[in-house]
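Undergrad: Below is input30.pdb; it holds PDB, C-alpha atoms, pLDDT in the B column.
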```pdb
ATOM      1  CA  MET P 166      -8.006 -13.091  12.608  1.00 53.00           C
ATOM      2  CA  ALA P 167      -7.624 -12.392  16.339  1.00 58.00           C
ATOM      3  CA  ALA P 168      -4.105 -13.796  16.180  1.00 61.00           C
ATOM      4  CA  VAL P 169      -3.233 -11.371  13.367  1.00 59.00           C
ATOM      5  CA  GLU P 170      -4.598  -8.447  15.373  1.00 63.00           C
ATOM      6  CA  SER P 171      -2.577  -9.528  18.405  1.00 81.00           C
ATOM      7  CA  VAL P 172       0.602  -9.701  16.338  1.00 89.00           C
ATOM      8  CA  LEU P 173      -0.054  -6.258  14.843  1.00 91.00           C
ATOM      9  CA  ALA P 174      -0.611  -4.803  18.308  1.00 91.00           C
ATOM     10  CA  ASP P 175       2.669  -6.311  19.475  1.00 94.00           C
ATOM     11  CA  LEU P 176       4.520  -5.011  16.419  1.00 95.00           C
ATOM     12  CA  HIS P 177       3.096  -1.523  16.923  1.00 96.00           C
ATOM     13  CA  ALA P 178       4.097  -1.656  20.573  1.00 96.00           C
ATOM     14  CA  THR P 179       7.639  -2.490  19.455  1.00 97.00           C
ATOM     15  CA  ILE P 180       7.646   0.560  17.187  1.00 97.00           C
ATOM     16  CA  ASN P 181       6.599   2.736  20.115  1.00 97.00           C
ATOM     17  CA  GLU P 182       9.365   1.258  22.252  1.00 97.00           C
ATOM     18  CA  ARG P 183      11.954   1.971  19.556  1.00 97.00           C
ATOM     19  CA  LEU P 184      10.699   5.535  19.182  1.00 97.00           C
ATOM     20  CA  SER P 185      10.992   6.013  22.930  1.00 97.00           C
ATOM     21  CA  GLU P 186      14.546   4.690  22.858  1.00 96.00           C
ATOM     22  CA  LEU P 187      15.394   6.993  19.950  1.00 96.00           C
ATOM     23  CA  ALA P 188      14.223  10.001  21.940  1.00 95.00           C
ATOM     24  CA  GLN P 189      16.486   9.083  24.854  1.00 96.00           C
ATOM     25  CA  VAL P 190      19.787   8.090  23.236  1.00 94.00           C
ATOM     26  CA  GLY P 191      22.704  10.414  22.644  1.00 94.00           C
ATOM     27  CA  GLU P 192      23.749  11.691  19.229  1.00 93.00           C
ATOM     28  CA  ASP P 193      26.395   8.984  18.892  1.00 93.00           C
ATOM     29  CA  ARG P 194      23.667   6.320  18.978  1.00 96.00           C
ATOM     30  CA  LYS P 195      20.980   8.091  16.965  1.00 95.00           C
ATOM     31  CA  HIS P 196      21.805   6.347  13.695  1.00 95.00           C
ATOM     32  CA  ALA P 197      21.499   2.860  15.177  1.00 96.00           C
ATOM     33  CA  ALA P 198      18.312   3.849  17.002  1.00 97.00           C
ATOM     34  CA  ARG P 199      16.747   5.153  13.777  1.00 97.00           C
ATOM     35  CA  ASP P 200      17.638   1.887  12.057  1.00 97.00           C
ATOM     36  CA  ALA P 201      15.910   0.013  14.884  1.00 98.00           C
ATOM     37  CA  VAL P 202      12.755   2.104  14.399  1.00 98.00           C
ATOM     38  CA  ALA P 203      12.796   1.409  10.656  1.00 98.00           C
ATOM     39  CA  GLU P 204      13.295  -2.311  11.244  1.00 98.00           C
ATOM     40  CA  ALA P 205      10.317  -2.445  13.616  1.00 98.00           C
ATOM     41  CA  LEU P 206       8.145  -0.511  11.163  1.00 98.00           C
ATOM     42  CA  HIS P 207       9.100  -2.761   8.264  1.00 98.00           C
ATOM     43  CA  ALA P 208       8.254  -5.853  10.300  1.00 97.00           C
ATOM     44  CA  LEU P 209       4.759  -4.478  10.886  1.00 97.00           C
ATOM     45  CA  LEU P 210       4.286  -3.492   7.238  1.00 97.00           C
ATOM     46  CA  LEU P 211       5.433  -6.894   6.024  1.00 97.00           C
ATOM     47  CA  HIS P 212       3.042  -8.658   8.379  1.00 95.00           C
ATOM     48  CA  LEU P 213       0.182  -6.463   7.227  1.00 94.00           C
ATOM     49  CA  ALA P 214       1.104  -6.996   3.567  1.00 94.00           C
ATOM     50  CA  THR P 215       1.010 -10.768   3.905  1.00 93.00           C
ATOM     51  CA  SER P 216      -1.865 -11.280   6.366  1.00 90.00           C
ATOM     52  CA  ASP P 217      -5.555 -10.463   6.494  1.00 85.00           C
ATOM     53  CA  CYS P 218      -6.625  -7.946   9.103  1.00 85.00           C
ATOM     54  CA  ALA P 219     -10.048  -6.925  10.410  1.00 88.00           C
ATOM     55  CA  GLU P 220     -11.259  -3.620   8.979  1.00 90.00           C
ATOM     56  CA  GLN P 221     -11.602  -1.853  12.325  1.00 91.00           C
ATOM     57  CA  GLU P 222      -8.187  -3.013  13.481  1.00 91.00           C
ATOM     58  CA  ARG P 223      -6.633  -1.792  10.256  1.00 92.00           C
ATOM     59  CA  ARG P 224      -8.335   1.604  10.507  1.00 94.00           C
ATOM     60  CA  THR P 225      -7.199   2.038  14.102  1.00 94.00           C
ATOM     61  CA  LEU P 226      -3.642   1.140  13.168  1.00 95.00           C
ATOM     62  CA  ASP P 227      -3.739   3.451  10.156  1.00 96.00           C
ATOM     63  CA  SER P 228      -4.849   6.377  12.302  1.00 96.00           C
ATOM     64  CA  ALA P 229      -2.163   5.743  14.917  1.00 97.00           C
ATOM     65  CA  LEU P 230       0.666   5.325  12.416  1.00 97.00           C
ATOM     66  CA  SER P 231      -0.352   8.358  10.369  1.00 97.00           C
ATOM     67  CA  GLU P 232      -0.075  10.505  13.494  1.00 97.00           C
ATOM     68  CA  GLN P 233       3.448   9.150  13.998  1.00 97.00           C
ATOM     69  CA  ALA P 234       4.452   9.596  10.352  1.00 97.00           C
ATOM     70  CA  LEU P 235       6.924  12.413  10.946  1.00 97.00           C
ATOM     71  CA  SER P 236       8.730  10.387  13.614  1.00 97.00           C
ATOM     72  CA  LEU P 237       8.707   7.391  11.267  1.00 98.00           C
ATOM     73  CA  LYS P 238       9.876   9.368   8.234  1.00 97.00           C
ATOM     74  CA  GLY P 239      13.139   7.505   7.687  1.00 97.00           C
ATOM     75  CA  GLY P 240      11.520   4.095   8.015  1.00 98.00           C
ATOM     76  CA  LEU P 241       8.598   5.017   5.760  1.00 98.00           C
ATOM     77  CA  LEU P 242      10.813   6.255   2.945  1.00 98.00           C
ATOM     78  CA  LYS P 243      13.120   3.250   3.283  1.00 98.00           C
ATOM     79  CA  ALA P 244      10.070   0.977   3.071  1.00 98.00           C
ATOM     80  CA  LEU P 245       9.575   2.234  -0.482  1.00 98.00           C
ATOM     81  CA  LYS P 246      12.764   0.416  -1.463  1.00 98.00           C
ATOM     82  CA  GLN P 247      11.028  -2.961  -1.030  1.00 98.00           C
ATOM     83  CA  CYS P 248       8.299  -4.349  -3.289  1.00 97.00           C
ATOM     84  CA  ALA P 249       7.006  -6.641  -0.568  1.00 97.00           C
ATOM     85  CA  LEU P 250       5.997  -3.759   1.711  1.00 98.00           C
ATOM     86  CA  HIS P 251       3.922  -1.782  -0.793  1.00 97.00           C
ATOM     87  CA  ARG P 252       0.715  -3.778  -0.353  1.00 96.00           C
ATOM     88  CA  ALA P 253       0.613  -2.688   3.286  1.00 96.00           C
ATOM     89  CA  PHE P 254       0.387   0.972   2.220  1.00 97.00           C
ATOM     90  CA  LEU P 255      -2.726   0.214   0.171  1.00 95.00           C
ATOM     91  CA  GLY P 256      -4.390  -0.975   3.368  1.00 94.00           C
ATOM     92  CA  LEU P 257      -3.267   2.129   5.284  1.00 96.00           C
ATOM     93  CA  PRO P 258      -4.542   5.064   3.188  1.00 95.00           C
ATOM     94  CA  LEU P 259      -3.901   7.735   5.830  1.00 96.00           C
ATOM     95  CA  LEU P 260      -0.317   6.588   6.271  1.00 97.00           C
ATOM     96  CA  MET P 261       0.128   6.338   2.503  1.00 97.00           C
ATOM     97  CA  GLU P 262      -0.952   9.968   2.154  1.00 96.00           C
ATOM     98  CA  GLN P 263       1.458  11.033   4.888  1.00 97.00           C
ATOM     99  CA  THR P 264       4.216   9.101   3.131  1.00 98.00           C
ATOM    100  CA  ARG P 265       3.376  10.882  -0.127  1.00 97.00           C
ATOM    101  CA  GLN P 266       3.775  14.232   1.588  1.00 96.00           C
ATOM    102  CA  LEU P 267       7.069  13.158   3.160  1.00 97.00           C
ATOM    103  CA  LEU P 268       8.275  12.019  -0.248  1.00 97.00           C
ATOM    104  CA  ALA P 269       7.350  15.411  -1.688  1.00 96.00           C
ATOM    105  CA  GLY P 270       9.707  17.092   0.768  1.00 96.00           C
ATOM    106  CA  ALA P 271      12.600  14.665   0.362  1.00 96.00           C
ATOM    107  CA  PRO P 272      15.741  15.610  -1.624  1.00 96.00           C
ATOM    108  CA  ALA P 273      15.496  14.633  -5.296  1.00 95.00           C
ATOM    109  CA  LYS P 274      18.804  12.762  -5.171  1.00 96.00           C
ATOM    110  CA  GLY P 275      17.642  10.640  -2.253  1.00 96.00           C
ATOM    111  CA  VAL P 276      14.286   9.912  -3.891  1.00 97.00           C
ATOM    112  CA  ALA P 277      16.014   8.789  -7.083  1.00 97.00           C
ATOM    113  CA  SER P 278      18.376   6.580  -5.096  1.00 97.00           C
ATOM    114  CA  TYR P 279      15.568   4.921  -3.152  1.00 98.00           C
ATOM    115  CA  LEU P 280      13.174   4.499  -6.070  1.00 98.00           C
ATOM    116  CA  GLU P 281      15.041   4.397  -9.374  1.00 97.00           C
ATOM    117  CA  ASP P 282      17.964   2.433  -7.949  1.00 98.00           C
ATOM    118  CA  ALA P 283      16.905   0.368  -4.927  1.00 98.00           C
ATOM    119  CA  LEU P 284      13.222  -0.207  -5.688  1.00 98.00           C
ATOM    120  CA  CYS P 285      13.747  -0.848  -9.392  1.00 98.00           C
ATOM    121  CA  THR P 286      16.422  -3.409  -8.527  1.00 98.00           C
ATOM    122  CA  ASP P 287      13.970  -5.092  -6.164  1.00 98.00           C
ATOM    123  CA  ILE P 288      11.265  -4.986  -8.840  1.00 98.00           C
ATOM    124  CA  ASP P 289      13.540  -6.837 -11.243  1.00 97.00           C
ATOM    125  CA  ALA P 290      14.005  -9.620  -8.678  1.00 97.00           C
ATOM    126  CA  CYS P 291      10.360  -9.759  -7.545  1.00 96.00           C
ATOM    127  CA  GLU P 292       8.306 -12.850  -8.370  1.00 93.00           C
ATOM    128  CA  ASP P 293       5.118 -11.895  -6.538  1.00 93.00           C
ATOM    129  CA  PRO P 294       2.529 -10.525  -9.000  1.00 93.00           C
ATOM    130  CA  ARG P 295       0.465  -8.997  -6.202  1.00 93.00           C
ATOM    131  CA  ALA P 296       3.486  -7.048  -4.957  1.00 95.00           C
ATOM    132  CA  LEU P 297       4.221  -5.777  -8.465  1.00 96.00           C
ATOM    133  CA  VAL P 298       0.647  -4.541  -8.869  1.00 95.00           C
ATOM    134  CA  SER P 299       0.848  -2.895  -5.441  1.00 95.00           C
ATOM    135  CA  VAL P 300       4.002  -1.014  -6.449  1.00 97.00           C
ATOM    136  CA  GLN P 301       2.147   0.393  -9.444  1.00 96.00           C
ATOM    137  CA  GLU P 302      -0.865   1.408  -7.348  1.00 95.00           C
ATOM    138  CA  VAL P 303       1.152   3.099  -4.604  1.00 96.00           C
ATOM    139  CA  HIS P 304       3.330   5.136  -6.950  1.00 97.00           C
ATOM    140  CA  GLN P 305       0.394   6.158  -9.106  1.00 95.00           C
ATOM    141  CA  PHE P 306      -1.197   7.406  -5.893  1.00 94.00           C
ATOM    142  CA  PHE P 307       1.963   9.356  -5.083  1.00 96.00           C
ATOM    143  CA  THR P 308       1.865  11.112  -8.461  1.00 94.00           C
ATOM    144  CA  GLY P 309      -1.807  12.015  -8.008  1.00 91.00           C
ATOM    145  CA  VAL P 310      -3.285   9.723 -10.663  1.00 87.00           C
ATOM    146  CA  GLY P 311      -7.065   9.532 -10.313  1.00 81.00           C
ATOM    147  CA  ARG P 312      -7.212  12.226  -7.632  1.00 80.00           C
ATOM    148  CA  LEU P 313      -8.667  15.717  -7.690  1.00 76.00           C
ATOM    149  CA  LYS P 314      -6.316  18.602  -7.006  1.00 78.00           C
ATOM    150  CA  LYS P 315      -8.142  19.405  -3.769  1.00 80.00           C
ATOM    151  CA  GLU P 316      -7.455  15.856  -2.575  1.00 81.00           C
ATOM    152  CA  LEU P 317      -3.715  16.523  -2.686  1.00 85.00           C
ATOM    153  CA  HIS P 318      -3.987  18.937   0.272  1.00 80.00           C
ATOM    154  CA  GLY P 319      -1.805  21.501  -1.457  1.00 87.00           C
ATOM    155  CA  VAL P 320       1.151  19.112  -1.656  1.00 91.00           C
ATOM    156  CA  GLU P 321       2.306  17.735  -4.998  1.00 92.00           C
ATOM    157  CA  LEU P 322       5.446  15.815  -5.785  1.00 95.00           C
ATOM    158  CA  PRO P 323       8.185  17.806  -7.500  1.00 95.00           C
ATOM    159  CA  ALA P 324       8.761  16.926 -11.152  1.00 95.00           C
ATOM    160  CA  ALA P 325      11.876  14.897 -10.344  1.00 96.00           C
ATOM    161  CA  ALA P 326      10.054  12.797  -7.745  1.00 97.00           C
ATOM    162  CA  LYS P 327       7.141  12.211 -10.128  1.00 96.00           C
ATOM    163  CA  LYS P 328       9.623  10.998 -12.719  1.00 97.00           C
ATOM    164  CA  SER P 329      11.080   8.531 -10.214  1.00 97.00           C
ATOM    165  CA  CYS P 330       7.612   7.247  -9.311  1.00 97.00           C
ATOM    166  CA  ARG P 331       6.610   6.845 -12.954  1.00 97.00           C
ATOM    167  CA  THR P 332       9.836   4.978 -13.612  1.00 97.00           C
ATOM    168  CA  CYS P 333       8.853   2.526 -10.871  1.00 98.00           C
ATOM    169  CA  VAL P 334       5.311   2.173 -12.231  1.00 97.00           C
ATOM    170  CA  ASN P 335       6.587   1.373 -15.710  1.00 97.00           C
ATOM    171  CA  ARG P 336       9.264  -0.979 -14.402  1.00 97.00           C
ATOM    172  CA  ALA P 337       6.738  -2.868 -12.265  1.00 96.00           C
ATOM    173  CA  ALA P 338       4.275  -3.111 -15.168  1.00 96.00           C
ATOM    174  CA  ARG P 339       6.943  -4.635 -17.400  1.00 96.00           C
ATOM    175  CA  ALA P 340       8.052  -6.988 -14.639  1.00 96.00           C
ATOM    176  CA  PHE P 341       4.455  -8.108 -14.081  1.00 94.00           C
ATOM    177  CA  ALA P 342       3.991  -8.895 -17.777  1.00 94.00           C
ATOM    178  CA  ALA P 343       7.322 -10.727 -17.930  1.00 93.00           C
ATOM    179  CA  LEU P 344       6.518 -12.724 -14.795  1.00 91.00           C
ATOM    180  CA  GLU P 345       3.149 -13.773 -16.160  1.00 89.00           C
ATOM    181  CA  GLN P 346       4.764 -14.923 -19.404  1.00 89.00           C
ATOM    182  CA  LYS P 347       7.519 -16.750 -17.513  1.00 87.00           C
ATOM    183  CA  LEU P 348       5.146 -18.640 -15.235  1.00 84.00           C
ATOM    184  CA  ARG P 349       2.882 -19.646 -18.093  1.00 85.00           C
ATOM    185  CA  LYS P 350       5.873 -20.860 -20.079  1.00 85.00           C
ATOM    186  CA  GLN P 351       7.062 -22.912 -17.109  1.00 82.00           C
ATOM    187  CA  ALA P 352       3.598 -24.397 -16.724  1.00 79.00           C
ATOM    188  CA  ALA P 353       3.536 -25.318 -20.405  1.00 80.00           C
ATOM    189  CA  GLN P 354       6.981 -26.915 -20.218  1.00 79.00           C
ATOM    190  CA  THR P 355       5.977 -29.113 -17.299  1.00 74.00           C
ATOM    191  CA  GLY P 356       2.694 -30.069 -18.951  1.00 63.00           C
ATOM    192  CA  PRO P 357       1.963 -33.259 -20.878  1.00 57.00           C
ATOM    193  CA  ALA P 358       4.828 -34.285 -23.138  1.00 50.00           C
ATOM    194  CA  SER P 359       4.324 -35.585 -26.656  1.00 48.00           C
ATOM    195  CA  LYS P 360       3.093 -39.131 -26.677  1.00 48.00           C
ATOM    196  CA  PRO P 361       5.950 -41.651 -26.741  1.00 45.00           C
ATOM    197  CA  LYS P 362       5.752 -44.771 -28.829  1.00 46.00           C
ATOM    198  CA  VAL P 363       4.393 -47.552 -26.618  1.00 43.00           C
ATOM    199  CA  TYR P 364       3.860 -51.267 -26.944  1.00 37.00           C
ATOM    200  CA  GLU P 365       0.329 -52.631 -26.817  1.00 40.00           C
ATOM    201  CA  MET P 366       0.708 -54.142 -23.351  1.00 38.00           C
ATOM    202  CA  GLU P 367       1.666 -50.713 -21.946  1.00 36.00           C
ATOM    203  CA  LYS P 368      -1.045 -48.769 -23.729  1.00 39.00           C
ATOM    204  CA  ASP P 369      -3.759 -48.782 -21.070  1.00 42.00           C
ATOM    205  CA  PHE P 370      -1.354 -47.680 -18.341  1.00 41.00           C
ATOM    206  CA  ARG P 371       0.115 -44.903 -20.485  1.00 43.00           C
ATOM    207  CA  VAL P 372      -3.317 -43.594 -21.435  1.00 48.00           C
ATOM    208  CA  GLU P 373      -4.256 -43.258 -17.778  1.00 51.00           C
ATOM    209  CA  GLU P 374      -0.917 -41.640 -17.001  1.00 49.00           C
ATOM    210  CA  GLN P 375      -1.409 -39.144 -19.832  1.00 51.00           C
ATOM    211  CA  LYS P 376      -4.852 -38.239 -18.525  1.00 54.00           C
ATOM    212  CA  GLU P 377      -3.402 -37.628 -15.079  1.00 56.00           C
ATOM    213  CA  LEU P 378      -0.655 -35.393 -16.484  1.00 52.00           C
ATOM    214  CA  GLU P 379      -3.194 -33.426 -18.484  1.00 57.00           C
ATOM    215  CA  ALA P 380      -5.315 -32.942 -15.371  1.00 58.00           C
ATOM    216  CA  GLN P 381      -2.273 -31.683 -13.448  1.00 56.00           C
ATOM    217  CA  TYR P 382      -1.391 -29.306 -16.271  1.00 50.00           C
ATOM    218  CA  ASN P 383      -4.922 -27.922 -16.411  1.00 58.00           C
ATOM    219  CA  ALA P 384      -4.895 -27.424 -12.644  1.00 58.00           C
ATOM    220  CA  ARG P 385      -1.644 -25.455 -12.862  1.00 57.00           C
ATOM    221  CA  GLU P 386      -3.060 -23.315 -15.653  1.00 56.00           C
ATOM    222  CA  MET P 387      -6.161 -22.575 -13.599  1.00 62.00           C
ATOM    223  CA  GLY P 388      -3.956 -21.701 -10.634  1.00 61.00           C
ATOM    224  CA  LEU P 389      -1.922 -19.249 -12.693  1.00 57.00           C
ATOM    225  CA  ASP P 390      -5.076 -17.673 -14.079  1.00 60.00           C
ATOM    226  CA  ALA P 391      -6.452 -17.255 -10.568  1.00 63.00           C
ATOM    227  CA  MET P 392      -3.194 -15.744  -9.288  1.00 61.00           C
ATOM    228  CA  PHE P 393      -2.956 -13.141 -12.035  1.00 60.00           C
ATOM    229  CA  ASP P 394      -6.691 -12.455 -11.992  1.00 64.00           C
ATOM    230  CA  LYS P 395      -6.437 -11.709  -8.269  1.00 63.00           C
ATOM    231  CA  ALA P 396      -3.550  -9.323  -8.831  1.00 62.00           C
ATOM    232  CA  MET P 397      -5.378  -7.519 -11.626  1.00 63.00           C
ATOM    233  CA  GLN P 398      -8.574  -7.382  -9.566  1.00 66.00           C
ATOM    234  CA  LEU P 399      -6.651  -5.444  -6.925  1.00 65.00           C
ATOM    235  CA  LYS P 400      -5.661  -2.916  -9.573  1.00 60.00           C
ATOM    236  CA  ASN P 401      -9.176  -2.682 -11.016  1.00 62.00           C
ATOM    237  CA  ASP P 402     -10.732  -2.181  -7.581  1.00 63.00           C
ATOM    238  CA  ARG P 403      -8.391   0.725  -6.926  1.00 61.00           C
ATOM    239  CA  ALA P 404      -9.295   2.261 -10.284  1.00 56.00           C
ATOM    240  CA  LYS P 405     -13.007   2.014  -9.472  1.00 58.00           C
ATOM    241  CA  ASP P 406     -12.423   3.676  -6.099  1.00 57.00           C
ATOM    242  CA  ALA P 407     -10.591   6.522  -7.810  1.00 51.00           C
ATOM    243  CA  MET P 408     -13.419   7.003 -10.314  1.00 53.00           C
ATOM    244  CA  SER P 409     -16.052   7.010  -7.577  1.00 55.00           C
ATOM    245  CA  ARG P 410     -14.301   9.917  -5.852  1.00 50.00           C
ATOM    246  CA  LYS P 411     -14.559  12.135  -8.922  1.00 51.00           C
TER     247      LYS P 411
END
```
Please lay out the structure from this file as structure tokens.
TA:
Amino acid sequence: MAAVESVLADLHATINERLSELAQVGEDRKHAARDAVAEALHALLLHLATSDCAEQERRTLDSALSEQALSLKGGLLKALKQCALHRAFLGLPLLMEQTRQLLAGAPAKGVASYLEDALCTDIDACEDPRALVSVQEVHQFFTGVGRLKKELHGVELPAAAKKSCRTCVNRAARAFAALEQKLRKQAAQTGPASKPKVYEMEKDFRVEEQKELEAQYNAREMGLDAMFDKAMQLKNDRAKDAMSRK
């Protein structure tokens, strides 16, 4: 865990360095400098999305990043184009709220391009059930699902942006269901085959081999169940949190 915290601190330091560089470069280099800031931010989000982090470390990071949200606007909105980064937002609620407010002020055409085009394309290629559930959770949060009006701080997404978010939620839900079906089908296809005709002298060996194949198949099935159960548990936990706030 300490190693994860050290990496996060280093990644955040890199973001600060890139922001400092952005503030100092001339207009002709602003675009490249903004891209460098976004790249540093995405590296941190990806690390957070794929690694466990101590609660206090995460809260400290969330507070710091949320205060920098306006400076990180471009990188935050671009992060929404990638499924793999969405889980990080769920662990950074203050930053997720700031991102929601930035999204509310973004041009409708840009929002549609980032979400309905780029993100939906990434959803179609995604094979991580946890990432697909995270996409649904983040974009439901953006639209205000499960939140009181007073919790939106006077900022709601425009109708066009809500439509884009709902499109992503529906696309991710379908992709999750299709992925689950695909993985279970693959597991079934690699499971025990129908018993071949065997001669008596081979029978004992084949029986043992069949038992081993069946055990492997059952293990794969249990693994798939655990993977999808974990993804759905993430969604259920978020729903319970939303209900508890009402």
Undergrad: Which polymer residues have any atom within 9 Å of an atom of Ala205 in chain P, counting all atoms listed in the file, with same-chain residues fewer than 6 positions away left out, as a PyMOL selection string?
TA: chain P and resi 176-177+179-180+183+240
Undergrad: Ranking P:Val276, P:Ala244, P:Ala283, P:Leu260 by minimum distance to Asp200 in chain P and counting all atoms listed in the file, which one comes first?
TA: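 Between P:Val276, P:Ala244, P:Ala283, P:Leu260, the residue approaching Asp200 in chain P most closely is P:Ala244.
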Undergrad: So which residues get picked by the PyMOL selection byres ((chain P and resi 224) around 12) here, written as a ChimeraX atom specification?
TA: /P:170,218-223,225-231,255-260
Undergrad: Distance CA of Gln233 in chain P-CA of Thr264 in chain P, one decimal place?
TA: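 For CA of Gln233 in chain P relative to CA of Thr264 in chain P, the distance reads 10.9 Å.
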Undergrad: Hey, what comes out of the PyMOL selection byres ((chain P and resi 321-332) around 8) on this file? Could you write it as a ChimeraX atom specification?
TA: /P:265-266,268-270,273,276-277,280-281,304-305,307-309,317,319-320,333-336
Undergrad: At a cut-off of 7 Å from (11.2, -1.8, -10.4) in the coordinates of the file, what residues are picked up using only C-alpha atoms, written as number ranges by chain?
TA: P: 284-289, 333, 336-337
Undergrad: Report the distance between CA of Glu345 in chain P and CA of Asp217 in chain P in Å, rounded to one decimal place.
TA: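 If I compute the distance from CA of Glu345 in chain P to CA of Asp217 in chain P, I get 24.5 Å.
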Undergrad: To one decimal in Å, tell me the separation between CA of Val172 in chain P and CA of Ser216 in chain P.
TA: 10.4 Å
Undergrad: Please evaluate the PyMOL selection byres ((chain P and resi 239) around 10) against the structure above and give the resulting residues as a short mmCIF file (atom, residue, chain, number, x, y, z; two decimals) with C-alpha atoms, in the frame of the given file.
TA:
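Full text of expr.cif as output:
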```cif
data_model
loop_
_atom_site.label_atom_id
_atom_site.label_comp_id
_atom_site.auth_asym_id
_atom_site.auth_seq_id
_atom_site.Cartn_x
_atom_site.Cartn_y
_atom_site.Cartn_z
CA ARG P 199 16.75 5.15 13.78
CA ASP P 200 17.64 1.89 12.06
CA VAL P 202 12.76 2.10 14.40
CA ALA P 203 12.80 1.41 10.66
CA ALA P 234 4.45 9.60 10.35
CA LEU P 235 6.92 12.41 10.95
CA SER P 236 8.73 10.39 13.61
CA LEU P 237 8.71 7.39 11.27
CA LYS P 238 9.88 9.37 8.23
CA GLY P 240 11.52 4.10 8.02
CA LEU P 241 8.60 5.02 5.76
CA LEU P 242 10.81 6.26 2.94
CA LYS P 243 13.12 3.25 3.28
CA ALA P 244 10.07 0.98 3.07
CA LEU P 267 7.07 13.16 3.16
#
```
Undergrad: Give me the residues near Leu211 in chain P as a list of chain:residue names, where near means some atom within 8 Å (using only C-alpha atoms) and where sequence neighbours in that chain fewer than 5 positions away do not count.
TA: P:Ala249, P:Leu250, P:Ala253
Undergrad: Limited to C-alpha atoms, could you put the picked residues into a file as a PDB file, in the coordinates of the input?
TA:
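File out00.pdb, as written:
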```
ATOM      1  CA  ALA P 249       7.006  -6.641  -0.568  1.00 97.00           C
ATOM      2  CA  LEU P 250       5.997  -3.759   1.711  1.00 98.00           C
ATOM      3  CA  ALA P 253       0.613  -2.688   3.286  1.00 96.00           C
TER       4      ALA P 253
END
```
Undergrad: Near Leu297 in chain P, counting only C-alpha atoms, which residues have an atom at most 8 Å away, once you skip same-chain residues fewer than 6 positions from it, shown as a list in words?
TA: Cys248, Ile288, Cys291, Ala337, Ala338, Ala340 and Phe341 of chain P
Undergrad: Would you mind completing range 217-221 of chain P so that it carries all heavy atoms, and writing it out as a PDB file, keeping the file's coordinate frame?
TA:
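See selection30.pdb below for the written result:
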```pdb
ATOM      1  N   ASP P 217      -4.267 -11.152   6.457  1.00 85.00           N
ATOM      2  CA  ASP P 217      -5.555 -10.463   6.494  1.00 85.00           C
ATOM      3  C   ASP P 217      -5.749  -9.823   7.862  1.00 85.00           C
ATOM      4  O   ASP P 217      -5.325 -10.360   8.879  1.00 85.00           O
ATOM      5  CB  ASP P 217      -6.697 -11.445   6.224  1.00 85.00           C
ATOM      6  CG  ASP P 217      -6.685 -11.953   4.792  1.00 85.00           C
ATOM      7  OD1 ASP P 217      -6.270 -11.180   3.912  1.00 85.00           O
ATOM      8  OD2 ASP P 217      -7.069 -13.109   4.569  1.00 85.00           O
ATOM      9  N   CYS P 218      -6.417  -8.685   7.860  1.00 85.00           N
ATOM     10  CA  CYS P 218      -6.625  -7.946   9.103  1.00 85.00           C
ATOM     11  C   CYS P 218      -8.051  -7.411   9.122  1.00 85.00           C
ATOM     12  O   CYS P 218      -8.570  -6.965   8.094  1.00 85.00           O
ATOM     13  CB  CYS P 218      -5.620  -6.796   9.191  1.00 85.00           C
ATOM     14  SG  CYS P 218      -5.832  -5.701  10.603  1.00 85.00           S
ATOM     15  N   ALA P 219      -8.691  -7.450  10.278  1.00 88.00           N
ATOM     16  CA  ALA P 219     -10.048  -6.925  10.410  1.00 88.00           C
ATOM     17  C   ALA P 219     -10.067  -5.436  10.071  1.00 88.00           C
ATOM     18  O   ALA P 219      -9.125  -4.702  10.372  1.00 88.00           O
ATOM     19  CB  ALA P 219     -10.559  -7.152  11.828  1.00 88.00           C
ATOM     20  N   GLU P 220     -11.150  -4.999   9.446  1.00 90.00           N
ATOM     21  CA  GLU P 220     -11.259  -3.620   8.979  1.00 90.00           C
ATOM     22  C   GLU P 220     -11.055  -2.603  10.103  1.00 90.00           C
ATOM     23  O   GLU P 220     -10.307  -1.639   9.955  1.00 90.00           O
ATOM     24  CB  GLU P 220     -12.633  -3.414   8.334  1.00 90.00           C
ATOM     25  CG  GLU P 220     -12.893  -2.011   7.818  1.00 90.00           C
ATOM     26  CD  GLU P 220     -12.090  -1.671   6.576  1.00 90.00           C
ATOM     27  OE1 GLU P 220     -11.489  -2.590   5.987  1.00 90.00           O
ATOM     28  OE2 GLU P 220     -12.057  -0.484   6.208  1.00 90.00           O
ATOM     29  N   GLN P 221     -11.712  -2.812  11.229  1.00 91.00           N
ATOM     30  CA  GLN P 221     -11.602  -1.853  12.325  1.00 91.00           C
ATOM     31  C   GLN P 221     -10.189  -1.805  12.885  1.00 91.00           C
ATOM     32  O   GLN P 221      -9.663  -0.727  13.200  1.00 91.00           O
ATOM     33  CB  GLN P 221     -12.592  -2.208  13.444  1.00 91.00           C
ATOM     34  CG  GLN P 221     -12.643  -1.181  14.567  1.00 91.00           C
ATOM     35  CD  GLN P 221     -12.940   0.222  14.067  1.00 91.00           C
ATOM     36  OE1 GLN P 221     -13.889   0.437  13.309  1.00 91.00           O
ATOM     37  NE2 GLN P 221     -12.131   1.197  14.469  1.00 91.00           N
TER      38      GLN P 221
END
```
